[in-house]
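**Q** Input structure: input_2.txt, which contains compact mmCIF, C-alpha atoms.
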# COMPACT_ATOMS: atom_id res chain seq x y z
CA MET A 24 18.44 -33.06 -48.94
CA ASN A 25 14.88 -32.01 -49.62
CA LYS A 26 13.64 -34.02 -46.67
CA LYS A 27 16.20 -32.37 -44.39
CA GLY A 28 15.19 -28.99 -45.71
CA VAL A 29 11.52 -29.71 -45.03
CA ILE A 30 12.25 -30.95 -41.51
CA LEU A 31 14.45 -27.96 -40.75
CA GLY A 32 11.77 -25.68 -42.14
CA ILE A 33 9.09 -27.27 -39.95
CA ILE A 34 11.31 -27.01 -36.87
CA SER A 35 12.14 -23.39 -37.66
CA ILE A 36 8.47 -22.48 -38.17
CA THR A 37 7.53 -24.30 -34.95
CA ILE A 38 10.20 -22.41 -32.95
CA ILE A 39 9.21 -19.09 -34.50
CA GLY A 40 5.55 -19.87 -33.78
CA ILE A 41 6.25 -20.71 -30.12
CA LEU A 42 8.35 -17.55 -29.68
CA ALA A 43 5.72 -15.41 -31.37
CA ALA A 44 2.97 -16.92 -29.23
CA SER A 45 4.93 -16.41 -26.02
CA PHE A 46 5.54 -12.74 -26.83
CA SER A 47 1.97 -12.05 -27.90
CA MET A 48 0.23 -13.78 -24.93
CA PRO A 49 -0.41 -11.62 -21.88
CA SER A 50 1.76 -12.48 -18.94
CA GLU A 51 -0.07 -14.21 -16.09
CA ASP A 52 2.37 -12.75 -13.63
CA ILE A 53 0.60 -9.44 -13.27
CA SER A 54 2.19 -7.52 -10.47
CA VAL A 55 -0.39 -5.76 -8.28
CA ALA A 56 0.76 -2.64 -6.47
CA THR A 57 0.33 -3.33 -2.79
CA ARG A 58 -0.40 -0.71 -0.17
CA SER A 59 -0.15 -1.07 3.54
CA HIS A 60 -0.57 1.17 6.56
CA GLY A 61 1.20 -0.14 9.61
CA THR A 62 0.47 -3.85 9.73
CA ILE A 63 -2.78 -3.48 7.77
CA ASP A 64 -2.89 -4.39 4.10
CA THR A 65 -5.07 -1.62 2.65
CA THR A 66 -4.46 -2.58 -0.97
CA MET A 67 -8.09 -3.58 -1.37
CA GLY A 68 -9.45 -0.72 0.71
CA SER A 69 -10.76 2.64 -0.40
CA PRO A 70 -8.77 5.26 -2.22
CA ILE A 71 -6.90 7.54 0.18
CA LEU A 72 -8.94 10.49 1.38
CA GLY A 73 -6.69 13.50 1.81
CA ASP A 74 -3.01 13.95 1.16
CA PRO A 75 -1.42 10.55 0.40
CA LEU A 76 1.84 11.88 1.88
CA ALA A 77 0.25 12.90 5.19
CA PRO A 78 2.33 11.56 8.10
CA ILE A 79 -0.65 9.95 9.87
CA THR A 80 -3.31 7.64 8.47
CA ILE A 81 -6.65 6.75 10.01
CA VAL A 82 -7.81 3.32 8.86
CA GLU A 83 -11.55 2.97 9.46
CA PHE A 84 -13.21 -0.43 9.44
CA GLY A 85 -16.92 -0.04 8.82
CA ASP A 86 -20.18 -1.42 7.53
CA TYR A 87 -22.64 0.67 5.54
CA GLN A 88 -25.57 -0.67 7.59
CA CYS A 89 -23.97 0.08 10.95
CA HIS A 90 -25.80 2.78 12.87
CA GLN A 91 -22.76 3.64 14.99
CA CYS A 92 -20.76 4.16 11.77
CA TYR A 93 -23.51 6.55 10.72
CA ASN A 94 -23.15 8.37 14.06
CA TRP A 95 -19.37 8.62 13.62
CA PHE A 96 -19.74 9.79 10.02
CA HIS A 97 -22.09 12.60 11.04
CA ASN A 98 -20.80 13.56 14.49
CA THR A 99 -17.03 13.00 14.50
CA LYS A 100 -15.74 12.73 10.95
CA PRO A 101 -16.62 16.31 9.90
CA SER A 102 -14.37 17.73 12.64
CA ILE A 103 -11.54 15.34 11.74
CA THR A 104 -11.90 16.27 8.07
CA GLU A 105 -11.87 19.99 8.82
CA ASN A 106 -9.01 19.98 11.33
CA TYR A 107 -6.74 17.20 10.14
CA ILE A 108 -7.55 15.84 6.66
CA ASP A 109 -8.15 19.12 4.85
CA THR A 110 -5.02 20.57 6.45
CA GLY A 111 -2.85 17.72 5.16
CA LYS A 112 -1.90 16.38 8.59
CA VAL A 113 -3.85 13.14 8.28
CA ASN A 114 -5.34 10.97 5.57
CA LEU A 115 -8.03 8.32 5.83
CA VAL A 116 -8.63 4.90 4.32
CA PHE A 117 -11.93 3.05 4.65
CA VAL A 118 -11.77 -0.75 4.83
CA ASP A 119 -14.96 -2.79 4.75
CA LEU A 120 -16.07 -5.04 7.54
CA ALA A 121 -19.33 -5.99 5.90
CA PHE A 122 -20.91 -8.34 8.42
CA LEU A 123 -24.18 -6.89 9.64
CA GLY A 124 -26.64 -8.16 7.06
CA ARG A 125 -27.10 -9.62 3.61
CA ASP A 126 -27.09 -6.16 1.99
CA SER A 127 -23.82 -5.09 3.64
CA PRO A 128 -21.38 -6.84 1.24
CA LYS A 129 -23.33 -5.64 -1.81
CA ALA A 130 -23.26 -2.05 -0.56
CA ALA A 131 -19.49 -2.30 -0.07
CA GLN A 132 -19.05 -3.77 -3.57
CA ALA A 133 -21.13 -0.94 -5.01
CA THR A 134 -18.66 1.64 -3.66
CA TYR A 135 -15.86 -0.02 -5.64
CA CYS A 136 -18.05 -0.12 -8.75
CA ALA A 137 -18.44 3.62 -8.24
CA GLU A 138 -14.66 3.88 -7.80
CA ASP A 139 -14.27 2.45 -11.32
CA GLN A 140 -15.89 5.69 -12.43
CA GLY A 141 -13.91 7.88 -10.04
CA MET A 142 -16.79 8.32 -7.60
CA TYR A 143 -15.80 6.18 -4.58
CA TRP A 144 -16.03 8.83 -1.88
CA GLU A 145 -19.15 10.38 -3.36
CA PHE A 146 -20.89 6.98 -3.24
CA HIS A 147 -19.52 6.23 0.23
CA ASN A 148 -20.83 9.56 1.54
CA HIS A 149 -24.15 9.00 -0.21
CA LEU A 150 -24.65 5.66 1.56
CA TYR A 151 -23.89 7.11 4.99
CA THR A 152 -26.15 10.07 4.29
CA LEU A 153 -29.09 7.93 3.17
CA GLN A 154 -28.62 5.07 5.66
CA GLU A 155 -31.87 3.95 7.27
CA SER A 156 -31.97 2.77 10.85
CA GLN A 157 -33.15 -0.77 10.08
CA ILE A 158 -30.73 -3.42 8.89
CA ASP A 159 -31.69 -5.27 5.69
CA ASN A 160 -34.99 -3.43 5.29
CA GLY A 161 -34.17 -2.91 1.62
CA TRP A 162 -32.59 0.54 1.76
CA ALA A 163 -29.25 -0.93 0.55
CA ASN A 164 -30.46 -3.76 -1.66
CA THR A 165 -29.16 -4.13 -5.21
CA GLU A 166 -32.00 -2.15 -6.78
CA ARG A 167 -31.57 0.76 -4.38
CA LEU A 168 -27.80 0.76 -4.92
CA LYS A 169 -28.41 1.02 -8.65
CA ALA A 170 -30.91 3.81 -8.05
CA PHE A 171 -28.28 5.67 -5.99
CA ALA A 172 -25.78 5.24 -8.84
CA PHE A 173 -28.33 6.49 -11.37
CA GLY A 174 -29.08 9.49 -9.17
CA MET A 175 -25.37 10.31 -9.02
CA GLY A 176 -25.08 10.23 -12.80
CA LEU A 177 -22.86 7.16 -13.05
CA ASP A 178 -22.65 5.16 -16.28
CA MET A 179 -25.35 2.62 -15.49
CA GLU A 180 -24.24 -0.02 -17.95
CA LEU A 181 -20.79 -0.14 -16.38
CA PHE A 182 -22.15 0.04 -12.84
CA GLU A 183 -24.75 -2.69 -13.32
CA ASP A 184 -22.28 -4.99 -15.04
CA CYS A 185 -19.86 -4.49 -12.17
CA LEU A 186 -22.42 -4.98 -9.38
CA ASP A 187 -24.29 -7.90 -10.94
CA SER A 188 -21.10 -9.78 -11.82
CA GLY A 189 -19.82 -9.62 -8.24
CA LYS A 190 -16.58 -8.14 -9.57
CA TYR A 191 -15.51 -6.87 -6.15
CA SER A 192 -16.91 -9.57 -3.87
CA LYS A 193 -13.41 -10.98 -3.19
CA ARG A 194 -12.11 -7.47 -2.52
CA VAL A 195 -14.73 -6.97 0.19
CA GLN A 196 -14.03 -10.41 1.64
CA PHE A 197 -10.32 -9.61 1.77
CA ASN A 198 -11.02 -6.38 3.61
CA SER A 199 -13.20 -8.17 6.15
CA SER A 200 -10.42 -10.70 6.71
CA GLN A 201 -8.01 -7.82 7.41
CA ALA A 202 -10.39 -6.54 10.06
CA LYS A 203 -10.57 -9.94 11.74
CA GLU A 204 -6.80 -10.41 11.57
CA HIS A 205 -6.34 -7.13 13.40
CA GLY A 206 -8.77 -7.90 16.18
CA ILE A 207 -11.57 -5.55 15.15
CA ARG A 208 -14.56 -6.58 17.30
CA GLY A 209 -17.20 -4.24 15.98
CA THR A 210 -17.81 -1.28 13.74
CA PRO A 211 -16.68 1.35 13.44
CA GLY A 212 -13.14 0.37 14.42
CA PHE A 213 -10.09 2.52 13.83
CA PHE A 214 -6.34 2.35 13.70
CA ILE A 215 -4.38 5.57 13.84
CA ILE A 216 -1.02 4.93 12.25
CA ASP A 217 2.18 6.87 11.84
CA SER A 218 5.70 5.71 11.06
CA ASP A 219 6.36 4.62 14.66
CA GLU A 220 3.13 3.24 16.08
CA GLN A 221 -0.47 2.31 15.51
CA LYS A 222 -3.20 2.93 18.06
CA GLN A 223 -6.60 1.29 18.07
CA ILE A 224 -9.91 3.00 18.82
CA SER A 225 -13.12 0.98 19.06
CA GLY A 226 -16.54 2.44 18.43
CA ALA A 227 -18.01 5.75 17.37
CA GLN A 228 -15.95 7.77 19.81
CA PRO A 229 -16.19 11.56 19.98
CA PHE A 230 -13.82 13.97 18.27
CA SER A 231 -12.07 14.77 21.56
CA VAL A 232 -10.62 11.24 21.70
CA PHE A 233 -9.30 11.40 18.13
CA LYS A 234 -7.94 14.88 18.74
CA GLN A 235 -6.06 13.76 21.82
CA ILE A 236 -4.43 10.86 20.00
CA LEU A 237 -3.74 12.72 16.76
CA ASP A 238 -2.20 15.70 18.58
CA SER A 239 0.06 13.37 20.53
CA MET A 240 1.32 11.84 17.28
CA ILE A 241 1.82 15.03 15.23
CA MET B 6 -46.95 3.07 47.56
CA LEU B 7 -44.40 5.31 49.28
CA ARG B 8 -44.79 3.29 52.48
CA THR B 9 -43.99 0.10 50.61
CA ILE B 10 -40.83 1.60 49.17
CA THR B 11 -39.89 2.97 52.61
CA LEU B 12 -40.49 -0.46 54.15
CA VAL B 13 -38.09 -2.18 51.74
CA PHE B 14 -35.43 0.47 51.47
CA SER B 15 -35.31 1.40 55.14
CA ASN B 16 -33.26 -1.76 55.34
CA PHE B 17 -29.76 -0.60 54.43
CA LYS B 18 -28.93 -3.95 52.82
CA TYR B 19 -31.65 -3.46 50.19
CA LEU B 20 -30.74 0.18 49.64
CA LEU B 21 -27.12 -0.80 49.05
CA PHE B 22 -28.11 -3.65 46.75
CA SER B 23 -30.39 -1.32 44.80
CA SER B 24 -27.65 1.30 44.40
CA ILE B 25 -25.11 -1.27 43.24
CA PHE B 26 -27.62 -2.88 40.89
CA PHE B 27 -28.57 0.53 39.41
CA SER B 28 -24.93 1.54 38.91
CA LEU B 29 -23.94 -1.73 37.27
CA MET B 30 -26.98 -1.89 35.04
CA PHE B 31 -26.90 1.78 34.02
CA ILE B 32 -23.17 1.88 33.32
CA GLY B 33 -23.25 -1.56 31.65
CA MET B 34 -26.05 -0.53 29.32
CA LEU B 35 -24.32 2.76 28.52
CA ILE B 36 -21.15 0.86 27.61
CA LEU B 37 -23.07 -1.66 25.47
CA SER B 38 -24.90 1.13 23.68
CA GLU B 39 -21.66 3.10 23.22
CA TYR B 40 -22.55 6.09 25.35
CA ILE B 41 -19.47 5.33 27.46
CA PHE B 42 -16.08 4.20 26.17
CA LEU B 43 -13.36 2.79 28.38
CA GLU B 44 -10.46 2.73 25.91
CA PRO B 45 -8.17 4.44 25.11
CA TYR B 46 -9.64 6.95 27.58
CA VAL B 47 -12.73 6.79 29.75
CA VAL B 48 -15.12 9.10 27.96
CA SER B 49 -18.87 9.50 27.75
CA HIS B 50 -20.95 11.29 25.19
CA ILE B 51 -24.49 11.35 23.88
CA PRO B 52 -24.46 11.65 20.09
CA SER B 53 -27.11 13.95 18.68
CA GLY B 54 -30.25 11.97 17.93
CA SER B 55 -29.51 9.40 20.66
CA GLU B 56 -30.99 11.34 23.59
CA PHE B 57 -34.21 9.31 23.67
CA GLY B 58 -32.26 6.04 23.81
CA PHE B 59 -30.31 7.41 26.78
CA LEU B 60 -33.55 8.32 28.56
CA LEU B 61 -34.98 4.83 28.03
CA ILE B 62 -31.80 3.28 29.49
CA LEU B 63 -32.12 5.53 32.54
CA ILE B 64 -35.78 4.56 33.07
CA ILE B 65 -35.06 0.81 32.69
CA SER B 66 -32.17 1.04 35.17
CA VAL B 67 -34.24 2.97 37.75
CA LEU B 68 -37.21 0.60 37.46
CA SER B 69 -35.02 -2.52 37.59
CA SER B 70 -33.22 -1.26 40.68
CA LEU B 71 -36.60 -0.69 42.36
CA VAL B 72 -38.38 -3.87 41.29
CA ILE B 73 -35.65 -6.47 41.81
CA PRO B 74 -34.70 -5.52 45.41
CA MET B 75 -38.41 -5.32 46.30
CA ASN B 76 -38.91 -8.85 45.01
CA ILE B 77 -35.82 -10.12 46.79
CA PHE B 78 -37.31 -8.56 49.95
CA ARG B 79 -40.58 -10.44 49.32
CA ILE B 80 -38.75 -13.72 48.81
CA ASN B 81 -36.33 -13.31 51.75
CA ILE B 82 -38.55 -11.70 54.37
CA LEU B 83 -42.02 -12.88 53.45
CA LYS B 84 -41.03 -16.17 51.80
CA SER B 85 -43.34 -15.33 48.90
CA SER B 86 -43.31 -16.89 45.45
CA LYS B 87 -40.60 -16.04 42.93
CA GLN B 88 -43.05 -15.39 40.10
CA LYS B 89 -42.89 -11.58 40.19
CA MET B 90 -39.11 -11.69 40.45
CA GLY B 91 -39.15 -13.42 37.07
CA GLY B 92 -41.11 -10.52 35.56
CA GLY B 93 -38.60 -8.00 36.89
CA LEU B 94 -35.62 -9.97 35.65
CA PHE B 95 -37.23 -10.56 32.26
CA GLY B 96 -37.91 -6.84 31.84
CA SER B 97 -34.35 -5.97 32.85
CA ILE B 98 -32.77 -8.54 30.55
CA ILE B 99 -34.72 -7.67 27.41
CA GLY B 100 -34.21 -3.98 28.13
CA ALA B 101 -30.46 -4.54 28.35
CA ALA B 102 -30.33 -6.86 25.33
CA ALA B 103 -32.05 -4.29 23.14
CA GLY B 104 -29.16 -1.94 23.76
CA ALA B 105 -26.49 -4.37 22.61
CA CYS B 106 -26.02 -2.75 19.22
CA SER B 107 -25.20 -5.26 16.51
CA CYS B 108 -22.32 -3.03 15.38
CA GLY B 109 -20.70 -3.36 18.78
CA PRO B 110 -18.43 -6.05 20.18
CA ILE B 111 -21.26 -8.21 21.50
CA GLY B 112 -23.16 -8.13 18.23
CA PHE B 113 -19.99 -8.92 16.29
CA ALA B 114 -19.18 -11.84 18.60
CA VAL B 115 -22.72 -13.23 18.27
CA ILE B 116 -22.68 -12.93 14.48
CA SER B 117 -19.18 -14.43 14.23
CA THR B 118 -20.20 -17.37 16.43
CA PHE B 119 -23.73 -18.07 15.23
CA GLY B 120 -23.54 -16.89 11.61
CA SER B 121 -26.78 -15.97 9.89
CA VAL B 122 -28.93 -16.93 12.90
CA GLY B 123 -26.88 -14.58 15.08
CA ALA B 124 -27.08 -11.88 12.43
CA THR B 125 -30.86 -12.17 12.28
CA ALA B 126 -31.14 -12.04 16.08
CA THR B 127 -28.88 -9.00 16.47
CA ALA B 128 -30.52 -7.27 13.50
CA PHE B 129 -33.88 -7.77 15.23
CA LEU B 130 -32.55 -6.36 18.52
CA THR B 131 -31.08 -3.38 16.68
CA ASN B 132 -34.01 -2.70 14.37
CA TYR B 133 -36.53 -2.83 17.20
CA GLU B 134 -34.31 -1.39 19.93
CA THR B 135 -36.67 1.39 20.96
CA PRO B 136 -39.91 -0.67 20.91
CA ILE B 137 -38.18 -3.49 22.83
CA ARG B 138 -36.99 -1.04 25.48
CA ILE B 139 -40.49 0.42 25.76
CA VAL B 140 -41.93 -3.10 26.19
CA ALA B 141 -39.28 -3.74 28.87
CA ILE B 142 -40.36 -0.56 30.69
CA ILE B 143 -44.02 -1.61 30.51
CA ILE B 144 -43.14 -5.06 31.93
CA LEU B 145 -41.14 -3.43 34.74
CA ILE B 146 -43.94 -0.97 35.55
CA ILE B 147 -46.51 -3.79 35.70
CA THR B 148 -44.16 -5.86 37.87
CA TYR B 149 -43.57 -2.84 40.10
CA PHE B 150 -47.27 -2.23 40.72
CA THR B 151 -48.10 -5.89 41.26
CA THR B 152 -45.17 -6.15 43.68
CA VAL B 153 -46.30 -3.05 45.61
CA LYS B 154 -49.84 -4.44 45.75
CA SER B 155 -48.75 -7.83 47.02
CA LEU B 156 -46.40 -6.25 49.58
CA LYS B 157 -49.29 -4.15 50.88
CA ILE B 158 -51.39 -7.25 51.31
CA GLU B 159 -48.63 -9.47 52.66
CA CYS B 160 -47.35 -6.82 55.10
CA LYS B 161 -50.86 -5.56 55.87
CA LEU B 162 -49.89 -1.98 55.07
CA ASN B 163 -52.54 0.74 54.93
CA SER B 164 -52.32 3.00 51.91
As structure tokens, what does this structure read like?
**A**
Amino acid sequence: MNKKGVILGIISITIIGILAASFSMPSEDISVATRSHGTIDTTMGSPILGDPLAPITIVEFGDYQCHQCYNWFHNTKPSITENYIDTGKVNLVFVDLAFLGRDSPKAAQATYCAEDQGMYWEFHNHLYTLQESQIDNGWANTERLKAFAFGMGLDMELFEDCLDSGKYSKRVQFNSSQAKEHGIRGTPGFFIIDSDEQKQISGAQPFSVFKQILDSMI
Amino acid sequence: MLRTITLVFSNFKYLLFSSIFFSLMFIGMLILSEYIFLEPYVVSHIPSGSEFGFLLILIISVLSSLVIPMNIFRINILKSSKQKMGGGLFGSIIGAAAGACSCGPIGFAVISTFGSVGATATAFLTNYETPIRIVAIIILIITYFTTVKSLKIECKLNS
């Protein structure tokens, strides 16, 4: 009788222990919210610039060391922002195609480290404002990226931990794979997407081209 | 000098070849350097800050379309050596290669195919685009003057 009681007690404790452990352990099946625009998986891309409910999305594939991306950022994007993004007609997502040099992936990762502190677009704009014409000349190396973050007032402990650990290296790789899957052959490359269609634009084309396409879709 | 040019280009065949060569080279380099886009619409524009690059492309195209037909004339008509032709072609090729921005489709294809070696090569062509184009212009100018000089001698032209 005593033996049975002991055995039953052990079994009961074991079952309770297993149940308690299973409830207290974090689930491995963490569901990640996915986001896509047209056929492009933008889950790992930038936050949405502009109204998330805008009927048209521009997906830009770019590299922070690309001079033509710099040209587009300074010559075309301001007009698009003023006429379409700020008015709620269009939003924009930036997806990395970091292929130009050894500093390109690190620069892309740094933008997501800045995103952790709510400063993605500020860091993105900072990189395209301070871009130097030479690839891999050190303007976007790890030390300079940290200096940019410091200058922007980011929490340096968080930022350095993030950048040095390579926290977002897979995110950047995933984005580059999206670019290749969609036939992007250079940067900047764009898809303009609404509910019915997606149109591709290659290169740092002038505002007139974007206007023509956007107006035809609105 | 003018008589040498007149001698070569008075032949319609060389004038036509020069015009076609200029058009193809100029438009090709403008496409590679993203001054002209063909899709989704044919559009051309010179972004602010890129005017000097455009000027260098124009000079390279003009010089190439002068030097190469003149050397073909030397080889065809005078049966001269092909050495100077090599100088003209070399100048044209490095001038054109410098414009193939590494961001663009050619740069991307090279980097995708050749990996880090391709990336280093395209980064070099991009980083030193302007100096490379200036070197190409110098090579073409030297080739032009040596070609004019040899044509004067070979054709016994009086300056």
**Q** Return as a compact mmCIF listing (two decimals) with C-alpha atoms, keeping the file's coordinate frame the residues belonging to chain A that are within 8 Å of chain B, counting all atoms listed in the file.
**A**
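Final file, selection_3.txt:
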# COMPACT_ATOMS: atom_id res chain seq x y z
CA CYS A 89 -23.97 0.08 10.95
CA HIS A 90 -25.80 2.78 12.87
CA GLN A 91 -22.76 3.64 14.99
CA ASN A 94 -23.15 8.37 14.06
CA ASN A 98 -20.80 13.56 14.49
CA PHE A 122 -20.91 -8.34 8.42
CA LEU A 123 -24.18 -6.89 9.64
CA GLY A 124 -26.64 -8.16 7.06
CA SER A 156 -31.97 2.77 10.85
CA GLN A 157 -33.15 -0.77 10.08
CA ILE A 158 -30.73 -3.42 8.89
CA ARG A 208 -14.56 -6.58 17.30
CA GLY A 209 -17.20 -4.24 15.98
CA THR A 210 -17.81 -1.28 13.74
CA PRO A 211 -16.68 1.35 13.44
CA GLN A 223 -6.60 1.29 18.07
CA ILE A 224 -9.91 3.00 18.82
CA SER A 225 -13.12 0.98 19.06
CA GLY A 226 -16.54 2.44 18.43
CA ALA A 227 -18.01 5.75 17.37
CA GLN A 228 -15.95 7.77 19.81
CA PRO A 229 -16.19 11.56 19.98
CA VAL A 232 -10.62 11.24 21.70
**Q** Pick out the residues sitting within 8 Å of Ser127 (chain A), and hand them over as a ChimeraX atom specification; count all atoms listed in the file, and ignore anything fewer than 5 positions along from it in its own chain.
**A** /A:86-88,121-122,163
**Q** Set the distance at 12 Å and use only C-alpha atoms: which residues neighbour Ile236 (chain A) once local chain neighbours fewer than 2 positions away are removed? I'd like the list as a PyMOL selection string.
**A** (chain A and resi 79+81+103+107+113+213-217+220-224+228-234+238-241) or (chain B and resi 44-46)
**Q** Mind checking which residues fall within 7 Å of Leu186 (chain A), counting all atoms listed in the file, ignoring those fewer than 6 positions away in the same chain, and posting them as a compact mmCIF listing (two decimals) with C-alpha atoms, keeping the file's coordinate frame?
**A**
# COMPACT_ATOMS: atom_id res chain seq x y z
CA GLN A 132 -19.05 -3.77 -3.57
CA ALA A 133 -21.13 -0.94 -5.01
CA CYS A 136 -18.05 -0.12 -8.75
**Q** Write out as a ChimeraX atom specification each polymer residue whose atoms come within 9 Å of Gly100 (chain B), counting all atoms listed in the file; drop sequence neighbours fewer than 5 positions from it.
**A** /B:34,61-62,65-66,95,134,137-142
**Q** Any idea what the distance is between CA of Leu237 (chain A) and CA of Pro78 (chain A)?
**A**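 Separation of CA of Leu237 (chain A) and CA of Pro78 (chain A): 10.6 Å.
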**Q** Would you compute the distance between CA of Asp74 (chain A) and CA of Asn114 (chain A)? Give it in Å to one decimal.
**A**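 Separating CA of Asp74 (chain A) from CA of Asn114 (chain A) is a distance of 5.8 Å.
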**Q** Mind checking which residues fall within 9 Å of region 9-19 of chain B, counting all atoms listed in the file, ignoring those fewer than 3 positions away in the same chain, and posting them as a ChimeraX atom specification?
**A** /B:6,22-24,71,74-75,77-79,153-154,156-157,160,162,164
**Q** What is the CA of Gln140 (chain A) to CA of Tyr191 (chain A) distance in Å?
**A** 14.0 Å
**Q** Restricting the calculation to only C-alpha atoms, which member of B:Leu68, B:Ile36, B:Leu29, B:Leu60 is positioned closest to Ile144 (chain B)?
**A**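 For Ile144 (chain B), the nearest of the given residues is B:Leu68.
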**Q** Is it possible to get the residues within 12 Å of (-10.3, -3.2, 4.7) (coordinates as in the file, counting all atoms listed in the file) written as a PyMOL selection string?
**A** chain A and resi 58-60+62-70+81-86+115-121+131+193-205+207+210-214
